[in-house]
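Text of structure.pdb (PDB, C-alpha atoms, pLDDT in the B column) as supplied:
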```
ATOM      1  CA  GLY K  16     193.702 118.735 121.844  1.00 94.00           C
ATOM      2  CA  ALA K  17     196.169 117.249 119.346  1.00 96.00           C
ATOM      3  CA  ASP K  18     193.528 116.121 116.857  1.00 96.00           C
ATOM      4  CA  ASP K  19     190.782 118.488 118.041  1.00 95.00           C
ATOM      5  CA  ASN K  20     192.017 120.866 116.808  1.00 90.00           C
ATOM      6  CA  ALA K  21     195.784 121.283 116.644  1.00 96.00           C
ATOM      7  CA  SER K  22     195.732 118.983 113.594  1.00 97.00           C
ATOM      8  CA  GLY K  23     193.665 121.520 111.650  1.00 97.00           C
ATOM      9  CA  VAL K  24     195.982 124.364 112.636  1.00 97.00           C
ATOM     10  CA  ALA K  25     199.047 122.324 111.623  1.00 98.00           C
ATOM     11  CA  VAL K  26     197.528 121.607 108.206  1.00 98.00           C
ATOM     12  CA  LEU K  27     196.594 125.287 107.845  1.00 98.00           C
ATOM     13  CA  LEU K  28     200.201 126.337 108.550  1.00 98.00           C
ATOM     14  CA  GLU K  29     201.506 123.835 106.016  1.00 97.00           C
ATOM     15  CA  VAL K  30     199.036 125.116 103.408  1.00 97.00           C
ATOM     16  CA  ALA K  31     200.393 128.618 104.102  1.00 97.00           C
ATOM     17  CA  ARG K  32     203.925 127.363 103.446  1.00 96.00           C
ATOM     18  CA  HIS K  33     202.860 125.795 100.144  1.00 95.00           C
ATOM     19  CA  LEU K  34     200.987 128.908  99.023  1.00 95.00           C
ATOM     20  CA  ARG K  35     203.914 131.126  99.925  1.00 93.00           C
ATOM     21  CA  GLN K  36     206.080 129.157  97.505  1.00 91.00           C
ATOM     22  CA  ALA K  37     203.601 129.592  94.648  1.00 86.00           C
ATOM     23  CA  ALA K  38     200.727 131.946  95.341  1.00 82.00           C
ATOM     24  CA  PRO K  39     197.330 131.281  93.749  1.00 88.00           C
ATOM     25  CA  ALA K  40     195.901 133.761  91.250  1.00 87.00           C
ATOM     26  CA  GLN K  41     192.888 134.555  93.467  1.00 89.00           C
ATOM     27  CA  THR K  42     192.807 135.770  97.064  1.00 93.00           C
ATOM     28  CA  VAL K  43     192.984 133.001  99.659  1.00 95.00           C
ATOM     29  CA  GLU K  44     192.505 133.755 103.349  1.00 96.00           C
ATOM     30  CA  LEU K  45     193.891 131.274 105.854  1.00 97.00           C
ATOM     31  CA  VAL K  46     192.191 131.789 109.201  1.00 97.00           C
ATOM     32  CA  ALA K  47     192.440 129.987 112.541  1.00 96.00           C
ATOM     33  CA  TYR K  48     189.245 130.763 114.438  1.00 97.00           C
ATOM     34  CA  VAL K  49     188.695 131.094 118.173  1.00 96.00           C
ATOM     35  CA  ASN K  50     185.715 129.948 120.244  1.00 96.00           C
ATOM     36  CA  GLU K  51     184.472 127.031 118.156  1.00 94.00           C
ATOM     37  CA  GLU K  52     183.843 124.884 121.254  1.00 92.00           C
ATOM     38  CA  PRO K  53     181.108 125.281 123.894  1.00 92.00           C
ATOM     39  CA  PRO K  54     180.143 127.505 125.589  1.00 95.00           C
ATOM     40  CA  ALA K  55     180.728 129.832 122.596  1.00 96.00           C
ATOM     41  CA  PHE K  56     179.595 127.332 119.933  1.00 94.00           C
ATOM     42  CA  ARG K  57     176.535 128.552 117.987  1.00 94.00           C
ATOM     43  CA  THR K  58     176.892 132.064 119.413  1.00 96.00           C
ATOM     44  CA  ALA K  59     178.112 135.384 118.027  1.00 97.00           C
ATOM     45  CA  ALA K  60     181.292 134.849 120.081  1.00 97.00           C
ATOM     46  CA  MET K  61     182.583 132.330 117.519  1.00 98.00           C
ATOM     47  CA  GLY K  62     185.406 133.796 115.458  1.00 98.00           C
ATOM     48  CA  SER K  63     183.965 132.240 112.314  1.00 98.00           C
ATOM     49  CA  VAL K  64     180.602 133.937 112.933  1.00 98.00           C
ATOM     50  CA  GLN K  65     182.316 137.308 113.197  1.00 98.00           C
ATOM     51  CA  HIS K  66     184.413 136.667 110.079  1.00 98.00           C
ATOM     52  CA  ALA K  67     181.522 135.438 107.922  1.00 98.00           C
ATOM     53  CA  ARG K  68     179.335 138.368 108.924  1.00 98.00           C
ATOM     54  CA  ARG K  69     182.122 140.865 108.199  1.00 98.00           C
ATOM     55  CA  LEU K  70     182.801 139.369 104.767  1.00 98.00           C
ATOM     56  CA  LYS K  71     179.088 139.529 103.934  1.00 98.00           C
ATOM     57  CA  ALA K  72     178.755 143.119 105.173  1.00 98.00           C
ATOM     58  CA  GLU K  73     181.729 144.118 103.000  1.00 98.00           C
ATOM     59  CA  GLY K  74     180.234 142.373  99.964  1.00 98.00           C
ATOM     60  CA  VAL K  75     183.172 139.996  99.551  1.00 97.00           C
ATOM     61  CA  ASP K  76     182.604 137.267  96.931  1.00 97.00           C
ATOM     62  CA  VAL K  77     183.472 134.058  98.810  1.00 97.00           C
ATOM     63  CA  ARG K  78     183.687 131.148  96.388  1.00 96.00           C
ATOM     64  CA  ALA K  79     184.305 128.514  99.055  1.00 97.00           C
ATOM     65  CA  MET K  80     185.098 128.165 102.734  1.00 98.00           C
ATOM     66  CA  VAL K  81     186.787 124.947 103.867  1.00 98.00           C
ATOM     67  CA  SER K  82     186.929 124.184 107.578  1.00 98.00           C
ATOM     68  CA  VAL K  83     189.746 121.739 108.353  1.00 98.00           C
ATOM     69  CA  ASP K  84     188.752 120.099 111.644  1.00 96.00           C
ATOM     70  CA  MET K  85     190.098 116.910 113.247  1.00 96.00           C
ATOM     71  CA  VAL K  86     192.274 115.665 110.393  1.00 97.00           C
ATOM     72  CA  GLY K  87     195.108 113.885 112.195  1.00 96.00           C
ATOM     73  CA  ASP K  88     193.743 110.741 113.862  1.00 94.00           C
ATOM     74  CA  TYR K  89     193.079 107.987 111.321  1.00 90.00           C
ATOM     75  CA  ALA K  90     193.403 105.004 113.636  1.00 85.00           C
ATOM     76  CA  PRO K  91     190.716 102.327 113.726  1.00 87.00           C
ATOM     77  CA  GLY K  92     188.122 102.951 116.405  1.00 86.00           C
ATOM     78  CA  ARG K  93     184.388 102.840 116.896  1.00 86.00           C
ATOM     79  CA  ARG K  94     182.202 102.436 113.824  1.00 86.00           C
ATOM     80  CA  PRO K  95     180.681 105.825 112.929  1.00 89.00           C
ATOM     81  CA  GLN K  96     176.913 106.093 112.851  1.00 88.00           C
ATOM     82  CA  GLY K  97     174.360 108.154 110.962  1.00 90.00           C
ATOM     83  CA  ALA K  98     175.636 110.455 108.228  1.00 94.00           C
ATOM     84  CA  PHE K  99     179.237 109.581 109.104  1.00 94.00           C
ATOM     85  CA  ARG K 100     178.988 105.804 108.610  1.00 93.00           C
ATOM     86  CA  ALA K 101     181.252 106.026 105.511  1.00 92.00           C
ATOM     87  CA  LEU K 102     184.123 107.326 107.638  1.00 92.00           C
ATOM     88  CA  GLY K 103     186.457 104.613 108.788  1.00 88.00           C
ATOM     89  CA  PRO K 104     190.194 104.362 109.279  1.00 88.00           C
ATOM     90  CA  HIS K 105     192.267 106.192 106.674  1.00 93.00           C
ATOM     91  CA  THR K 106     189.228 108.153 105.432  1.00 95.00           C
ATOM     92  CA  LEU K 107     188.454 111.843 105.177  1.00 97.00           C
ATOM     93  CA  GLY K 108     184.967 113.186 104.731  1.00 97.00           C
ATOM     94  CA  VAL K 109     183.965 116.340 102.915  1.00 98.00           C
ATOM     95  CA  VAL K 110     180.937 117.284 104.995  1.00 98.00           C
ATOM     96  CA  ALA K 111     178.018 119.576 104.206  1.00 98.00           C
ATOM     97  CA  GLU K 112     174.288 119.947 103.895  1.00 97.00           C
ATOM     98  CA  PRO K 113     172.769 118.978 100.497  1.00 98.00           C
ATOM     99  CA  SER K 114     172.726 122.564  99.193  1.00 97.00           C
ATOM    100  CA  GLN K 115     176.532 122.360  99.113  1.00 97.00           C
ATOM    101  CA  ARG K 116     176.585 119.199  96.953  1.00 98.00           C
ATOM    102  CA  ALA K 117     178.507 120.804  94.046  1.00 97.00           C
ATOM    103  CA  LEU K 118     181.334 122.066  96.272  1.00 98.00           C
ATOM    104  CA  VAL K 119     181.497 118.707  98.058  1.00 98.00           C
ATOM    105  CA  ALA K 120     181.839 116.882  94.723  1.00 98.00           C
ATOM    106  CA  ILE K 121     184.622 119.213  93.576  1.00 97.00           C
ATOM    107  CA  LEU K 122     186.601 118.758  96.775  1.00 97.00           C
ATOM    108  CA  VAL K 123     186.107 114.981  96.898  1.00 98.00           C
ATOM    109  CA  ARG K 124     187.427 114.754  93.344  1.00 97.00           C
ATOM    110  CA  SER K 125     190.296 117.198  93.868  1.00 96.00           C
ATOM    111  CA  LEU K 126     191.477 115.958  97.273  1.00 97.00           C
ATOM    112  CA  GLY K 127     190.864 112.315  96.431  1.00 96.00           C
ATOM    113  CA  GLY K 128     193.081 112.529  93.369  1.00 94.00           C
ATOM    114  CA  THR K 129     196.014 113.731  95.469  1.00 94.00           C
ATOM    115  CA  LEU K 130     195.444 111.654  98.607  1.00 97.00           C
ATOM    116  CA  ALA K 131     194.782 108.238  97.022  1.00 95.00           C
ATOM    117  CA  PRO K 132     195.691 105.531  97.773  1.00 95.00           C
ATOM    118  CA  LEU K 133     196.913 106.558 101.238  1.00 95.00           C
ATOM    119  CA  THR K 134     193.664 108.244 102.246  1.00 96.00           C
ATOM    120  CA  ARG K 135     190.164 107.714 100.904  1.00 96.00           C
ATOM    121  CA  VAL K 136     188.007 110.848 100.480  1.00 98.00           C
ATOM    122  CA  VAL K 137     184.229 110.490 100.655  1.00 97.00           C
ATOM    123  CA  PRO K 138     181.252 112.848 100.542  1.00 98.00           C
ATOM    124  CA  VAL K 139     179.164 113.215 103.697  1.00 98.00           C
ATOM    125  CA  LEU K 140     175.896 114.946 102.849  1.00 98.00           C
ATOM    126  CA  ALA K 141     173.001 115.191 105.259  1.00 97.00           C
ATOM    127  CA  ALA K 142     170.516 117.687 106.626  1.00 97.00           C
ATOM    128  CA  ARG K 143     172.049 120.319 108.831  1.00 95.00           C
ATOM    129  CA  THR K 144     170.048 118.901 111.731  1.00 95.00           C
ATOM    130  CA  ALA K 145     171.936 115.568 111.512  1.00 95.00           C
ATOM    131  CA  PRO K 146     174.451 115.307 114.357  1.00 94.00           C
ATOM    132  CA  GLY K 147     177.893 116.495 113.277  1.00 94.00           C
ATOM    133  CA  ILE K 148     176.989 118.073 109.938  1.00 96.00           C
ATOM    134  CA  ASP K 149     177.411 121.638 111.193  1.00 96.00           C
ATOM    135  CA  TRP K 150     179.790 121.010 114.099  1.00 94.00           C
ATOM    136  CA  SER K 151     182.602 123.305 113.022  1.00 96.00           C
ATOM    137  CA  ASP K 152     183.402 126.744 111.675  1.00 98.00           C
ATOM    138  CA  HIS K 153     181.764 126.227 108.273  1.00 98.00           C
ATOM    139  CA  HIS K 154     178.151 126.656 109.418  1.00 97.00           C
ATOM    140  CA  PRO K 155     178.351 130.444 110.003  1.00 98.00           C
ATOM    141  CA  PHE K 156     179.199 130.778 106.302  1.00 98.00           C
ATOM    142  CA  TRP K 157     176.012 128.892 105.406  1.00 98.00           C
ATOM    143  CA  ASP K 158     174.119 131.324 107.642  1.00 97.00           C
ATOM    144  CA  VAL K 159     175.163 134.268 105.460  1.00 98.00           C
ATOM    145  CA  GLY K 160     174.785 132.451 102.135  1.00 98.00           C
ATOM    146  CA  TYR K 161     178.378 131.423 101.345  1.00 98.00           C
ATOM    147  CA  PRO K 162     179.359 127.940 100.127  1.00 98.00           C
ATOM    148  CA  ALA K 163     181.211 126.031 102.836  1.00 98.00           C
ATOM    149  CA  VAL K 164     182.259 122.508 103.828  1.00 98.00           C
ATOM    150  CA  MET K 165     184.130 120.748 106.607  1.00 98.00           C
ATOM    151  CA  VAL K 166     186.991 118.351 105.883  1.00 98.00           C
ATOM    152  CA  THR K 167     187.401 115.854 108.722  1.00 97.00           C
ATOM    153  CA  SER K 168     188.312 112.314 109.660  1.00 94.00           C
ATOM    154  CA  GLY K 169     185.258 112.377 111.947  1.00 91.00           C
ATOM    155  CA  GLY K 170     187.230 111.708 115.099  1.00 85.00           C
ATOM    156  CA  TRP K 171     184.330 112.566 117.390  1.00 88.00           C
ATOM    157  CA  GLU K 172     182.510 109.554 115.916  1.00 88.00           C
ATOM    158  CA  ARG K 173     185.443 107.116 115.820  1.00 86.00           C
ATOM    159  CA  SER K 174     188.013 107.993 118.454  1.00 88.00           C
ATOM    160  CA  GLU K 175     187.912 107.273 122.150  1.00 87.00           C
ATOM    161  CA  ALA K 176     190.356 110.201 122.507  1.00 92.00           C
ATOM    162  CA  TYR K 177     187.784 112.832 121.517  1.00 91.00           C
ATOM    163  CA  HIS K 178     187.565 115.569 124.164  1.00 92.00           C
ATOM    164  CA  SER K 179     189.754 113.582 126.531  1.00 94.00           C
ATOM    165  CA  PRO K 180     193.336 113.646 127.847  1.00 96.00           C
ATOM    166  CA  LYS K 181     194.065 110.825 125.359  1.00 95.00           C
ATOM    167  CA  ASP K 182     194.000 113.304 122.430  1.00 96.00           C
ATOM    168  CA  THR K 183     197.809 113.471 122.258  1.00 97.00           C
ATOM    169  CA  PRO K 184     200.289 114.109 119.406  1.00 97.00           C
ATOM    170  CA  ASP K 185     201.397 110.469 119.219  1.00 96.00           C
ATOM    171  CA  ARG K 186     197.950 109.619 117.791  1.00 94.00           C
ATOM    172  CA  LEU K 187     198.399 111.893 114.758  1.00 96.00           C
ATOM    173  CA  ASP K 188     199.395 110.688 111.300  1.00 96.00           C
ATOM    174  CA  GLY K 189     201.856 113.326 110.104  1.00 97.00           C
ATOM    175  CA  LEU K 190     202.174 111.877 106.608  1.00 97.00           C
ATOM    176  CA  ARG K 191     198.425 112.024 105.976  1.00 97.00           C
ATOM    177  CA  MET K 192     198.266 115.550 107.396  1.00 98.00           C
ATOM    178  CA  ALA K 193     201.131 116.682 105.124  1.00 98.00           C
ATOM    179  CA  ARG K 194     199.473 115.121 102.085  1.00 97.00           C
ATOM    180  CA  LEU K 195     196.182 116.842 102.970  1.00 98.00           C
ATOM    181  CA  ALA K 196     197.976 120.194 103.151  1.00 98.00           C
ATOM    182  CA  GLU K 197     199.474 119.525  99.732  1.00 97.00           C
ATOM    183  CA  ALA K 198     196.065 118.565  98.313  1.00 97.00           C
ATOM    184  CA  LEU K 199     194.330 121.636  99.750  1.00 97.00           C
ATOM    185  CA  SER K 200     197.110 123.859  98.390  1.00 96.00           C
ATOM    186  CA  ARG K 201     196.733 122.386  94.914  1.00 95.00           C
ATOM    187  CA  TRP K 202     192.982 122.907  95.062  1.00 95.00           C
ATOM    188  CA  ALA K 203     193.388 126.526  96.225  1.00 94.00           C
ATOM    189  CA  LYS K 204     195.841 127.243  93.431  1.00 91.00           C
ATOM    190  CA  GLY K 205     193.464 125.799  90.861  1.00 86.00           C
ATOM    191  CA  SER K 206     190.461 127.626  92.357  1.00 57.00           C
ATOM    192  CA  GLU K 207     188.060 125.008  90.998  1.00 58.00           C
ATOM    193  CA  THR K 208     184.762 125.859  92.691  1.00 52.00           C
ATOM    194  CA  LYS K 209     182.193 125.200  89.984  1.00 49.00           C
TER     195      LYS K 209
END
```
Let me see the file written as C-alpha cells.
Amino acid sequence: GADDNASGVAVLLEVARHLRQAAPAQTVELVAYVNEEPPAFRTAAMGSVQHARRLKAEGVDVRAMVSVDMVGDYAPGRRPQGAFRALGPHTLGVVAEPSQRALVAILVRSLGGTLAPLTRVVPVLAARTAPGIDWSDHHPFWDVGYPAVMVTSGGWERSEAYHSPKDTPDRLDGLRMARLAEALSRWAKGSETK
C-alpha cells in the first residue's frame, strides 16, 4: 500500500506543513478518507461520500476538490491504455470527466509550472464511464454538483505493483512527491479555480 495510497497521505501531510507556514486566505480542508477500496467503493460507506453529502447539506461553497491518489510510483512499466495513454514514467495526470475541463486546465497549468521539468503534468479527460476516470474519492463530489479532479500517476495502469505485496516504499519517488506537495500548496494559496 505504499503508492496506493500511502503516497497520497504523505503528500497531504506535506501540504499541511506548507499551509501551516503560510495559510491561504480561503478555507482549505485537508481530508484523508476511509473506505475508498472495495467492498465499500461506490457505496455510502465511503468517507468521501459522507463528506461531500454533508458539505452539500450545509450549503458549503466548494470551489474545488482534489483527490491525490497514487502519486509516488513514477517508474517505467506497462503502457497505459484508453483515457490514460498519456501517462507514462515521470507523468502526473489531472483526471476528470469533461464537465470539469476548466478545473483540469487550471491545475495542469498551475502544477505543471512548479513540477517541470522533473514531472510532466497532463490532462486526462474522458466520460465518467471510462475505466479509471472516477476511481477515487473525487466522484462523490461530482454526484452532489461540486467541481472535483483526481491527481495521479495512474499506477493501476502502469505498475505491476498495483494491489500486490510489491507496492513497497522503495518504489516511491520522494522528490517528486515533495515537489507535488509544494505545487498543491502554492495552488491552494493562490485559490485559482476559475
Review point. Between K:Asn20, K:Thr144, K:Gln115, K:Thr134, which has the minimum distance to K:Ala90 (counting all atoms listed in the file)?
Key: K:Thr134
Review point. Applied to the shown file, which residues does the PyMOL selection byres ((chain K and resi 104) around 7) return, written as a PyMOL selection string?
Key: chain K and resi 89-91+102-103+105-106
Mind telling me what the PyMOL selection byres ((chain K and resi 64) around 12) catches here, as an mmCIF file with C-alpha atoms, in the frame of the given file?
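Saved file expr-v1.cif follows:
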```cif
data_model
loop_
_atom_site.group_PDB
_atom_site.id
_atom_site.type_symbol
_atom_site.label_atom_id
_atom_site.label_comp_id
_atom_site.auth_asym_id
_atom_site.auth_seq_id
_atom_site.Cartn_x
_atom_site.Cartn_y
_atom_site.Cartn_z
ATOM 1 C CA TYR K 48 189.245 130.763 114.438
ATOM 2 C CA VAL K 49 188.695 131.094 118.173
ATOM 3 C CA ASN K 50 185.715 129.948 120.244
ATOM 4 C CA GLU K 51 184.472 127.031 118.156
ATOM 5 C CA ALA K 55 180.728 129.832 122.596
ATOM 6 C CA PHE K 56 179.595 127.332 119.933
ATOM 7 C CA ARG K 57 176.535 128.552 117.987
ATOM 8 C CA THR K 58 176.892 132.064 119.413
ATOM 9 C CA ALA K 59 178.112 135.384 118.027
ATOM 10 C CA ALA K 60 181.292 134.849 120.081
ATOM 11 C CA MET K 61 182.583 132.330 117.519
ATOM 12 C CA GLY K 62 185.406 133.796 115.458
ATOM 13 C CA SER K 63 183.965 132.240 112.314
ATOM 14 C CA GLN K 65 182.316 137.308 113.197
ATOM 15 C CA HIS K 66 184.413 136.667 110.079
ATOM 16 C CA ALA K 67 181.522 135.438 107.922
ATOM 17 C CA ARG K 68 179.335 138.368 108.924
ATOM 18 C CA ARG K 69 182.122 140.865 108.199
ATOM 19 C CA LEU K 70 182.801 139.369 104.767
ATOM 20 C CA LYS K 71 179.088 139.529 103.934
ATOM 21 C CA SER K 151 182.602 123.305 113.022
ATOM 22 C CA ASP K 152 183.402 126.744 111.675
ATOM 23 C CA HIS K 153 181.764 126.227 108.273
ATOM 24 C CA HIS K 154 178.151 126.656 109.418
ATOM 25 C CA PRO K 155 178.351 130.444 110.003
ATOM 26 C CA PHE K 156 179.199 130.778 106.302
ATOM 27 C CA TRP K 157 176.012 128.892 105.406
ATOM 28 C CA ASP K 158 174.119 131.324 107.642
ATOM 29 C CA VAL K 159 175.163 134.268 105.460
#
```
If the PyMOL selection byres ((chain K and resi 190-200) around 8) is run on the structure shown, which residues does it catch, given as a CSV table (one decimal) with C-alpha atoms, in the frame of the given file?
```csv
chain,number,residue,atom,x,y,z
K,22,SER,CA,195.7,119.0,113.6
K,26,VAL,CA,197.5,121.6,108.2
K,27,LEU,CA,196.6,125.3,107.8
K,29,GLU,CA,201.5,123.8,106.0
K,30,VAL,CA,199.0,125.1,103.4
K,33,HIS,CA,202.9,125.8,100.1
K,34,LEU,CA,201.0,128.9,99.0
K,86,VAL,CA,192.3,115.7,110.4
K,87,GLY,CA,195.1,113.9,112.2
K,125,SER,CA,190.3,117.2,93.9
K,126,LEU,CA,191.5,116.0,97.3
K,129,THR,CA,196.0,113.7,95.5
K,130,LEU,CA,195.4,111.7,98.6
K,133,LEU,CA,196.9,106.6,101.2
K,134,THR,CA,193.7,108.2,102.2
K,188,ASP,CA,199.4,110.7,111.3
K,189,GLY,CA,201.9,113.3,110.1
K,201,ARG,CA,196.7,122.4,94.9
K,202,TRP,CA,193.0,122.9,95.1
K,203,ALA,CA,193.4,126.5,96.2
K,204,LYS,CA,195.8,127.2,93.4
```
May I have the residues within 8 Å of K:Glu175 as a PDB file with C-alpha atoms, in the frame of the given file, using only C-alpha atoms and disregarding those fewer than 4 positions away in the same chain?
```pdb
ATOM      1  CA  GLY K  92     188.122 102.951 116.405  1.00 86.00           C
ATOM      2  CA  ARG K  93     184.388 102.840 116.896  1.00 86.00           C
ATOM      3  CA  TRP K 171     184.330 112.566 117.390  1.00 88.00           C
ATOM      4  CA  SER K 179     189.754 113.582 126.531  1.00 94.00           C
ATOM      5  CA  LYS K 181     194.065 110.825 125.359  1.00 95.00           C
TER       6      LYS K 181
END
```
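For the residues K:Ala176, K:Met165, K:Leu107, K:Ala17, ranking by smallest atom-to-atom distance to K:Trp150 using only C-alpha atoms places K:Met165 first.
Atom CA of K:Val166 sits 11.9 Å away from atom CA of K:Gly127.
Closest approach to K:Pro53 among K:Arg143, K:His178, K:Arg100, K:Arg78 is made by K:His178 (distances from all atoms listed in the file).
Pairwise distance (atom CA of K:Ala145, atom CA of K:Gly108) equals 14.9 Å.
The nearest approach to K:Leu28 among the residues K:Ala40, K:Leu45, K:Val137, K:Val81, with all atoms listed in the file taken into account, belongs to K:Leu45.
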Revision key, fill the gap. Atom CA of K:Glu44 to atom CA of K:Gly128 measures 23.5 Å
Exercise for review: May I ask which of the residues K:Arg173, K:Glu73, K:Val46, K:Ile148 is the closest one to K:Gln96, counting all atoms listed in the file?
Suggested key: K:Arg173
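For the choices K:Met85, K:Arg35, K:Asp76, K:Ile121, the atom-to-atom distance to K:Gly16 is smallest for K:Met85 when using all atoms listed in the file.
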Residues near K:Ala117, anyone? I mean within 12 Å using all atoms listed in the file, not counting same-chain ones fewer than 6 positions away, as a tab-separated table (two decimals) with C-alpha atoms, keeping the file's coordinate frame.
```tsv
chain	number	residue	atom	x	y	z
K	78	ARG	CA	183.69	131.15	96.39
K	79	ALA	CA	184.30	128.51	99.06
K	109	VAL	CA	183.96	116.34	102.92
K	110	VAL	CA	180.94	117.28	105.00
K	111	ALA	CA	178.02	119.58	104.21
K	123	VAL	CA	186.11	114.98	96.90
K	124	ARG	CA	187.43	114.75	93.34
K	138	PRO	CA	181.25	112.85	100.54
K	140	LEU	CA	175.90	114.95	102.85
K	162	PRO	CA	179.36	127.94	100.13
K	163	ALA	CA	181.21	126.03	102.84
K	164	VAL	CA	182.26	122.51	103.83
K	207	GLU	CA	188.06	125.01	91.00
K	208	THR	CA	184.76	125.86	92.69
K	209	LYS	CA	182.19	125.20	89.98
```
Would you give the centre and edge lengths, in Å to one decimal, of a box along x, y and z around the listed atoms of stretch 180-194 of chain K, with 8 Å added to each side, as JSON?
```
{"center_x": 197.8, "center_y": 113.2, "center_z": 115.0, "size_x": 24.8, "size_y": 23.1, "size_z": 41.8}
```
Since the input is missing atoms, can you rebuild all heavy atoms for stretch 188-195 of chain K and write them as a CSV table (one decimal), keeping the file's coordinate frame?
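Everything below was put into out.csv:
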```csv
chain,number,residue,atom,x,y,z
K,188,ASP,N,198.7,111.2,112.5
K,188,ASP,CA,199.4,110.7,111.3
K,188,ASP,C,200.0,111.9,110.5
K,188,ASP,O,199.3,112.5,109.7
K,188,ASP,CB,198.4,109.9,110.5
K,188,ASP,CG,199.0,109.1,109.3
K,188,ASP,OD1,200.0,109.6,108.7
K,188,ASP,OD2,198.6,108.0,109.1
K,189,GLY,N,201.2,112.2,110.7
K,189,GLY,CA,201.9,113.3,110.1
K,189,GLY,C,201.9,113.2,108.6
K,189,GLY,O,201.8,114.2,107.9
K,190,LEU,N,202.1,112.0,108.1
K,190,LEU,CA,202.2,111.9,106.6
K,190,LEU,C,200.8,112.2,106.0
K,190,LEU,O,200.8,113.0,105.0
K,190,LEU,CB,202.6,110.5,106.2
K,190,LEU,CG,202.6,110.2,104.7
K,190,LEU,CD1,203.6,111.1,104.0
K,190,LEU,CD2,203.0,108.7,104.5
K,191,ARG,N,199.7,111.7,106.5
K,191,ARG,CA,198.4,112.0,106.0
K,191,ARG,C,198.1,113.5,106.1
K,191,ARG,O,197.5,114.1,105.2
K,191,ARG,CB,197.3,111.2,106.6
K,191,ARG,CG,197.3,109.8,106.1
K,191,ARG,CD,196.1,109.0,106.7
K,191,ARG,NE,195.9,107.8,105.9
K,191,ARG,CZ,196.6,106.6,106.2
K,191,ARG,NH1,197.5,106.6,107.2
K,191,ARG,NH2,196.4,105.6,105.4
K,192,MET,N,198.5,114.1,107.2
K,192,MET,CA,198.3,115.6,107.4
K,192,MET,C,199.1,116.4,106.4
K,192,MET,O,198.5,117.3,105.8
K,192,MET,CB,198.6,116.0,108.8
K,192,MET,CG,197.7,115.4,109.9
K,192,MET,SD,198.3,115.6,111.6
K,192,MET,CE,198.5,117.4,111.7
K,193,ALA,N,200.3,116.0,106.1
K,193,ALA,CA,201.1,116.7,105.1
K,193,ALA,C,200.5,116.5,103.7
K,193,ALA,O,200.5,117.5,103.0
K,193,ALA,CB,202.6,116.2,105.2
K,194,ARG,N,200.1,115.3,103.4
K,194,ARG,CA,199.5,115.1,102.1
K,194,ARG,C,198.2,115.9,101.9
K,194,ARG,O,197.9,116.4,100.9
K,194,ARG,CB,199.2,113.6,101.9
K,194,ARG,CG,200.4,112.7,101.8
K,194,ARG,CD,201.1,112.8,100.4
K,194,ARG,NE,200.3,112.5,99.3
K,194,ARG,CZ,200.0,111.2,98.9
K,194,ARG,NH1,200.5,110.2,99.5
K,194,ARG,NH2,199.2,111.0,97.8
K,195,LEU,N,197.4,116.0,103.0
K,195,LEU,CA,196.2,116.8,103.0
K,195,LEU,C,196.5,118.3,102.7
K,195,LEU,O,195.9,119.0,101.9
K,195,LEU,CB,195.4,116.7,104.3
K,195,LEU,CG,194.1,117.6,104.4
K,195,LEU,CD1,193.2,117.4,103.2
K,195,LEU,CD2,193.5,117.4,105.7
```
